[in-house]
Every structure is written in structure tokens, then in C-alpha cells.
$ cat work.txt   # compact mmCIF, C-alpha atoms
# COMPACT_ATOMS: atom_id res chain seq x y z
CA MET A 1123 0.00 0.00 0.00
CA GLY A 1124 1.13 3.54 -0.61
CA GLN A 1125 1.58 6.24 1.97
CA PHE A 1126 -2.03 7.25 1.53
CA GLU A 1127 -4.90 4.92 0.84
CA LYS A 1128 -8.65 4.90 0.59
CA ASP A 1129 -10.51 3.90 3.72
CA ALA A 1130 -11.71 0.35 3.13
CA ASP A 1131 -14.85 1.01 5.16
CA ILE A 1132 -15.56 4.54 3.96
CA GLY A 1133 -19.29 4.02 4.40
CA SER A 1134 -19.02 2.58 7.91
CA THR A 1135 -19.32 4.51 11.12
CA ASN A 1136 -16.96 4.99 14.04
CA TYR A 1137 -17.71 4.16 17.67
CA PHE A 1138 -19.82 7.29 18.20
CA GLY A 1139 -21.91 6.81 15.05
CA LYS A 1140 -20.32 9.18 12.55
CA ARG A 1141 -18.91 8.35 9.14
CA ARG A 1142 -15.37 7.15 9.60
CA LEU A 1143 -13.70 9.34 6.98
CA PRO A 1144 -14.76 12.99 7.31
CA PRO A 1145 -15.18 15.04 4.12
CA GLY A 1146 -11.98 16.39 2.63
CA GLN A 1147 -9.82 13.81 4.45
CA THR A 1148 -7.59 11.03 3.10
CA ALA A 1149 -6.88 7.88 5.09
CA THR A 1150 -3.24 7.10 5.88
CA ALA A 1151 -1.22 4.56 7.81
CA ARG A 1152 1.46 7.17 8.47
CA PHE A 1153 1.56 9.52 11.46
CA PRO A 1154 3.10 12.79 10.24
CA VAL A 1155 4.68 15.05 12.85
CA LEU A 1156 3.23 18.55 12.63
CA THR A 1157 4.35 20.94 15.35
CA TYR A 1158 4.75 24.70 15.59
CA GLY A 1159 8.09 25.42 17.22
CA ASP A 1160 10.49 23.13 19.02
CA VAL A 1161 9.52 19.87 20.70
CA PRO A 1162 9.61 20.33 24.50
CA LYS A 1163 11.69 17.63 26.14
CA ILE A 1164 9.78 16.90 29.34
CA THR A 1165 10.55 13.80 31.37
CA LYS A 1166 7.99 12.05 33.55
CA GLU A 1167 10.00 13.17 36.59
CA GLN A 1168 9.73 16.82 35.48
CA TRP A 1169 6.10 16.61 34.37
CA CYS A 1170 3.47 18.25 36.56
CA PHE A 1171 -0.23 18.76 35.84
CA SER A 1172 -2.22 21.65 37.32
CA VAL A 1173 -5.78 22.98 37.31
CA TRP A 1174 -6.70 26.57 38.10
CA GLY A 1175 -9.14 29.35 37.28
CA CYS A 1176 -12.82 28.84 38.14
CA VAL A 1177 -12.13 26.14 40.72
CA GLU A 1178 -12.65 26.12 44.47
CA GLU A 1179 -9.06 25.03 44.98
CA GLU A 1180 -6.10 24.82 42.61
CA LYS A 1181 -4.67 21.34 42.34
CA ASN A 1182 -1.44 19.72 41.13
CA TRP A 1183 -0.50 16.14 40.22
CA THR A 1184 2.90 14.55 39.74
CA TRP A 1185 3.22 11.84 37.10
CA GLY A 1186 2.86 9.11 39.70
CA GLU A 1187 -0.21 10.74 41.21
CA PHE A 1188 -1.84 11.18 37.79
CA MET A 1189 -1.25 7.52 36.96
CA LYS A 1190 -3.32 6.55 40.01
CA LEU A 1191 -6.42 8.09 38.39
CA PRO A 1192 -8.78 5.68 36.51
CA GLN A 1193 -7.19 4.54 33.25
CA THR A 1194 -9.19 4.06 30.03
CA THR A 1195 -8.20 2.41 26.76
CA LEU A 1196 -9.89 3.95 23.74
CA ARG A 1197 -9.74 2.70 20.15
CA ALA A 1198 -10.51 5.70 18.00
CA ASP A 1199 -9.62 7.66 14.88
CA PHE A 1200 -7.37 10.71 14.57
CA HIS A 1201 -8.16 13.57 12.17
CA CYS A 1202 -5.65 16.27 11.26
CA VAL A 1203 -6.80 19.56 9.76
CA THR A 1204 -4.15 19.10 7.05
CA HIS A 1205 -6.47 16.55 5.38
CA TRP A 1206 -5.26 13.19 6.70
CA SER A 1207 -6.87 10.68 9.06
CA ARG A 1208 -5.60 7.58 10.89
CA PHE A 1209 -7.91 4.77 11.96
CA ASP A 1210 -8.17 2.38 14.91
CA ASP A 1211 -5.23 3.48 17.01
CA GLU A 1212 -5.40 2.37 20.63
CA TRP A 1213 -4.97 5.23 23.08
CA LYS A 1214 -4.66 4.83 26.85
CA GLY A 1215 -4.94 7.50 29.50
CA VAL A 1216 -7.33 9.38 31.76
CA LEU A 1217 -10.69 10.59 30.50
CA PHE A 1218 -11.44 14.24 31.22
CA ARG A 1219 -14.72 13.27 32.84
CA ASP A 1220 -12.81 11.03 35.27
CA LEU A 1221 -10.22 13.71 36.01
CA VAL A 1222 -12.81 16.41 36.67
CA LYS A 1223 -14.38 14.30 39.43
CA HIS A 1224 -11.31 15.26 41.46
CA VAL A 1225 -11.77 19.00 40.81
CA LYS A 1226 -14.40 21.17 42.51
CA LEU A 1227 -15.55 23.58 39.83
CA LYS A 1228 -17.16 26.92 40.54
CA PRO A 1229 -20.64 27.46 39.03
CA ASP A 1230 -19.29 29.94 36.48
CA ALA A 1231 -16.84 27.42 34.95
CA LYS A 1232 -18.06 27.08 31.35
CA TYR A 1233 -14.90 26.73 29.23
CA VAL A 1234 -11.57 24.94 29.42
CA MET A 1235 -8.23 26.20 28.14
CA GLN A 1236 -5.59 23.50 27.70
CA HIS A 1237 -2.05 24.69 28.45
CA ALA A 1238 1.04 22.92 27.16
CA TYR A 1239 4.76 23.00 27.84
CA GLY A 1240 6.17 25.38 25.24
CA GLY A 1241 3.27 27.83 25.56
CA TYR A 1242 0.67 26.26 23.25
CA THR A 1243 -3.00 26.67 24.19
CA THR A 1244 -6.33 25.48 22.80
CA ASN A 1245 -9.89 25.95 24.03
CA LEU A 1246 -13.10 23.92 24.25
CA PRO A 1247 -16.43 24.35 26.04
CA LEU A 1248 -16.66 22.44 29.31
CA GLN A 1249 -19.79 20.67 28.05
CA TRP A 1250 -17.88 19.23 25.09
CA MET A 1251 -15.02 18.14 27.30
CA MET A 1252 -17.56 16.34 29.51
CA ASP A 1253 -19.74 14.83 26.77
CA GLU A 1254 -17.01 13.63 24.43
CA ASP A 1255 -14.25 11.09 24.92
CA VAL A 1256 -11.54 13.62 25.63
CA LEU A 1257 -8.52 11.64 26.85
CA PHE A 1258 -5.26 12.63 28.51
CA ALA A 1259 -3.23 10.06 26.58
CA HIS A 1260 0.14 8.68 27.65
CA THR A 1261 0.18 5.42 25.66
CA LEU A 1262 -0.32 4.83 21.93
CA ASN A 1263 -0.75 1.29 20.57
CA GLY A 1264 0.76 -0.21 23.69
CA GLU A 1265 3.87 1.99 23.75
CA PRO A 1266 4.66 5.21 25.65
CA LEU A 1267 3.47 8.19 23.62
CA PRO A 1268 6.45 9.40 21.53
CA MET A 1269 7.81 12.80 22.46
CA GLU A 1270 7.29 14.15 18.93
CA HIS A 1271 3.59 13.28 19.19
CA GLY A 1272 3.13 15.00 22.54
CA GLY A 1273 4.71 12.62 25.04
CA PRO A 1274 4.79 12.11 27.85
CA MET A 1275 1.14 13.19 27.68
CA ARG A 1276 -1.18 14.89 25.24
CA VAL A 1277 -4.89 15.55 25.00
CA PHE A 1278 -6.69 13.43 22.40
CA THR A 1279 -10.01 14.77 21.02
CA PRO A 1280 -11.38 12.13 18.58
CA ARG A 1281 -14.48 14.17 17.70
CA ARG A 1282 -12.47 17.29 16.79
CA TYR A 1283 -9.54 18.09 14.54
CA ALA A 1284 -6.37 17.13 16.35
CA TRP A 1285 -5.14 20.66 17.15
CA LYS A 1286 -7.94 20.78 19.73
CA GLY A 1287 -5.89 18.35 21.84
CA ALA A 1288 -2.73 19.95 23.21
CA LYS A 1289 0.53 18.03 22.96
CA TRP A 1290 2.79 18.09 26.05
CA VAL A 1291 -0.17 19.12 28.17
CA ARG A 1292 0.67 20.59 31.58
CA GLY A 1293 -2.66 21.84 32.85
CA LEU A 1294 -6.19 23.14 32.46
CA GLU A 1295 -7.56 26.60 33.11
CA PHE A 1296 -11.31 26.73 33.75
CA THR A 1297 -12.91 30.01 32.66
CA ALA A 1298 -16.29 31.72 32.69
CA THR A 1299 -15.93 33.06 29.14
CA ASP A 1300 -14.48 31.61 25.97
CA ARG A 1301 -11.21 32.87 24.58
CA PRO A 1302 -9.28 31.54 21.60
CA GLY A 1303 -6.14 29.45 21.91
CA PHE A 1304 -3.04 29.61 19.73
CA TRP A 1305 -4.35 28.31 16.40
CA GLU A 1306 -7.79 29.80 17.00
CA GLN A 1307 -6.11 33.23 17.25
CA ASN A 1308 -4.43 32.49 13.93
CA GLY A 1309 -7.54 31.82 11.88
CA TYR A 1310 -8.47 28.23 12.71
CA SER A 1311 -12.03 27.24 13.62
CA ASN A 1312 -13.16 27.59 17.22
CA THR A 1313 -15.35 24.47 16.93
CA ALA A 1314 -13.21 22.22 14.66
CA ASP A 1315 -15.78 19.56 13.75
CA PRO A 1316 -14.19 17.36 11.04
CA TRP A 1317 -17.54 16.13 9.72
CA LYS A 1318 -18.58 19.73 9.04
CA GLU A 1319 -15.09 20.64 7.71
CA GLU A 1320 -14.79 23.41 10.28
CA ARG A 1321 -11.14 24.12 9.51
CA PHE A 1322 -11.04 27.94 9.60
CA TRP A 1323 -13.02 30.89 10.94

$ encode --input "work.txt" --output "C-alpha cells"
Amino acid sequence: MGQFEKDADIGSTNYFGKRRLPPGQTATARFPVLTYGDVPKITKEQWCFSVWGCVEEEKNWTWGEFMKLPQTTLRADFHCVTHWSRFDDEWKGVLFRDLVKHVKLKPDAKYVMQHAYGGYTTNLPLQWMMDEDVLFAHTLNGEPLPMEHGGPMRVFTPRRYAWKGAKWVRGLEFTATDRPGFWEQNGYSNTADPWKEERFW
């Protein structure tokens, strides 16, 4: 097979009932590395995860503490805004909805800004983070997540274009109002639904 190929089950649906290959996408077995700026080199010993903003109490986790949270394995597809999609990768990590059980949110918390080592940010409504299978992923296909793909941990958002999941994630800021993240400030869609081809503003 070539680098890019047609999806064999183009008419089938994924695990949440949508067509597997979104419009304008091409299926691939490759996993291109697309990153703005340098790759942060963060070890598990250095890694720390924080939550702040519209919370009753700010909280921090070390790597070991985060690994004690409930772990979920998710087989799902990955859609890049640059027109390629991968299918059936196995991701393992902590679901947002499991993480947030350990955070006491204030009533005005409506949005979530993901913050990454290196300064990258991206935003999503709290409702979407809760309703969808947003995963803090540390393992890909049974192996530690490669550094170039966001290791030791990235956010995986299977129902959105991939830039909506921050690589090298270091924390979440809960906010009362929405504000755009890095790519959203630079012309990319605020909603990023691949099945509606929401690539740009």
C-alpha cells in the first residue's frame, strides 16, 4: 500500500456513530509530525499537571499521582486539519470526565483552556469536554506516547480536529468566558468539527 490509501470502510461509522472518513480527508497509515516550534523535552519526573481558574481550589499532580487516576483504553480515529486521518489506534490514559471528578468547579466554569509546555493553548467548552471522549493520553498502541507526538502526555479529542488536543499538556484553566487558543487566534475554527469541515473561521 502507498503512503495514503482509501478507507476500506468509507461508508461505515466509528464508535460514536459518525462516518469514519470525514469530508476532505484522506486515510493514511502514516503519522506525520506537525508541530509549531520546538519539541519540549519533558521527562515524567519533570512533568506536573495543574488545574486553576474557576475552581474552588487549585490542584497539582505529579506523574505518579496522575497515573493513580482511573485509566481508560480507547480505540478511535485521529483527524488532522491538514487533510489526513488515521484509523483504529489504541490510546490509553485518563478521561477528562474522570479527572474532573477530582476537581471542585465553581458554578461559572463554562470553558476549558488547555495549556502545554512550550506555551501552546487550545480551548473547548466544558460541556464538550464532559460529553465527548476527551482523553489525557500517555500510551499509543501499547507503547509510551512518543515525544514528537506530545509525550509524555497529550490531549486526544477524537471528535475534533487534532489541534484541539494539546501536545505536552501541563494543565487546564477553567474560565467563565471563551477565549481563543493559539491556532484559533491564527484563523483556525473555534469548533473544529471534522464532519462539518470546520477548519477555519

$ residues_around --input "work.txt" --residues "region 1258-1275 of chain A" --least-positions-apart "2" --cutoff "6 Å" --atoms "only C-alpha atoms" --output "MDAnalysis selection string"
chainID A and resid 1212:1216 1277 1289:1290

$ write_last_selection --input "work.txt" --atoms "C-alpha atoms" --output "mmCIF file, in the coordinates of the input"
data_model
loop_
_atom_site.group_PDB
_atom_site.id
_atom_site.type_symbol
_atom_site.label_atom_id
_atom_site.label_comp_id
_atom_site.auth_asym_id
_atom_site.auth_seq_id
_atom_site.Cartn_x
_atom_site.Cartn_y
_atom_site.Cartn_z
ATOM 1 C CA GLU A 1212 -5.400 2.370 20.630
ATOM 2 C CA TRP A 1213 -4.970 5.230 23.080
ATOM 3 C CA LYS A 1214 -4.660 4.830 26.850
ATOM 4 C CA GLY A 1215 -4.940 7.500 29.500
ATOM 5 C CA VAL A 1216 -7.330 9.380 31.760
ATOM 6 C CA VAL A 1277 -4.890 15.550 25.000
ATOM 7 C CA LYS A 1289 0.530 18.030 22.960
ATOM 8 C CA TRP A 1290 2.790 18.090 26.050
#

$ residues_around --input "work.txt" --residues "Phe1218 (chain A)" --least-positions-apart "2" --cutoff "9 Å" --atoms "only C-alpha atoms" --output "PDB file with C-alpha atoms, in the coordinates of the input"
ATOM      1  CA  VAL A1216      -7.330   9.380  31.760  1.00  0.00           C
ATOM      2  CA  ASP A1220     -12.810  11.030  35.270  1.00  0.00           C
ATOM      3  CA  LEU A1221     -10.220  13.710  36.010  1.00  0.00           C
ATOM      4  CA  VAL A1222     -12.810  16.410  36.670  1.00  0.00           C
ATOM      5  CA  LYS A1223     -14.380  14.300  39.430  1.00  0.00           C
ATOM      6  CA  MET A1251     -15.020  18.140  27.300  1.00  0.00           C
ATOM      7  CA  MET A1252     -17.560  16.340  29.510  1.00  0.00           C
ATOM      8  CA  GLU A1254     -17.010  13.630  24.430  1.00  0.00           C
ATOM      9  CA  ASP A1255     -14.250  11.090  24.920  1.00  0.00           C
ATOM     10  CA  VAL A1256     -11.540  13.620  25.630  1.00  0.00           C
ATOM     11  CA  LEU A1257      -8.520  11.640  26.850  1.00  0.00           C
ATOM     12  CA  PHE A1258      -5.260  12.630  28.510  1.00  0.00           C
TER      13      PHE A1258
END

$ atom_distance --input "work.txt" --atom1 "CA of Leu1246 (chain A)" --atom2 "CA of Gly1186 (chain A)"
26.7 Å

$ residues_around --input "work.txt" --residues "region 1285-1287 of chain A" --least-positions-apart "6" --cutoff "8 Å" --atoms "all atoms listed in the file" --output "ChimeraX atom specification"
/A:1202-1203,1236,1244-1246,1276-1279,1305,1314

$ residues_around --input "work.txt" --residues "region 1227-1235 of chain A" --least-positions-apart "4" --cutoff "12 Å" --atoms "all atoms listed in the file" --output "VMD selection string"
chain A and resid 1172 to 1181 1218 1221 to 1223 1241 to 1252 1256 1277 1286 to 1288 1291 to 1304 1306

$ atom_distance --input "work.txt" --atom1 "CA of Tyr1239 (chain A)" --atom2 "CA of Glu1187 (chain A)"
18.8 Å

$ atom_distance --input "work.txt" --atom1 "CA of His1224 (chain A)" --atom2 "CA of Asp1199 (chain A)"
27.7 Å

$ residues_around --input "work.txt" --residues "Phe1188 (chain A)" --least-positions-apart "2" --cutoff "9 Å" --atoms "all atoms listed in the file" --output "compact mmCIF listing (two decimals) with C-alpha atoms, keeping the file's coordinate frame"
# COMPACT_ATOMS: atom_id res chain seq x y z
CA CYS A 1170 3.47 18.25 36.56
CA PHE A 1171 -0.23 18.76 35.84
CA TRP A 1183 -0.50 16.14 40.22
CA THR A 1184 2.90 14.55 39.74
CA TRP A 1185 3.22 11.84 37.10
CA GLY A 1186 2.86 9.11 39.70
CA LYS A 1190 -3.32 6.55 40.01
CA LEU A 1191 -6.42 8.09 38.39
CA PRO A 1192 -8.78 5.68 36.51
CA VAL A 1216 -7.33 9.38 31.76
CA LEU A 1221 -10.22 13.71 36.01
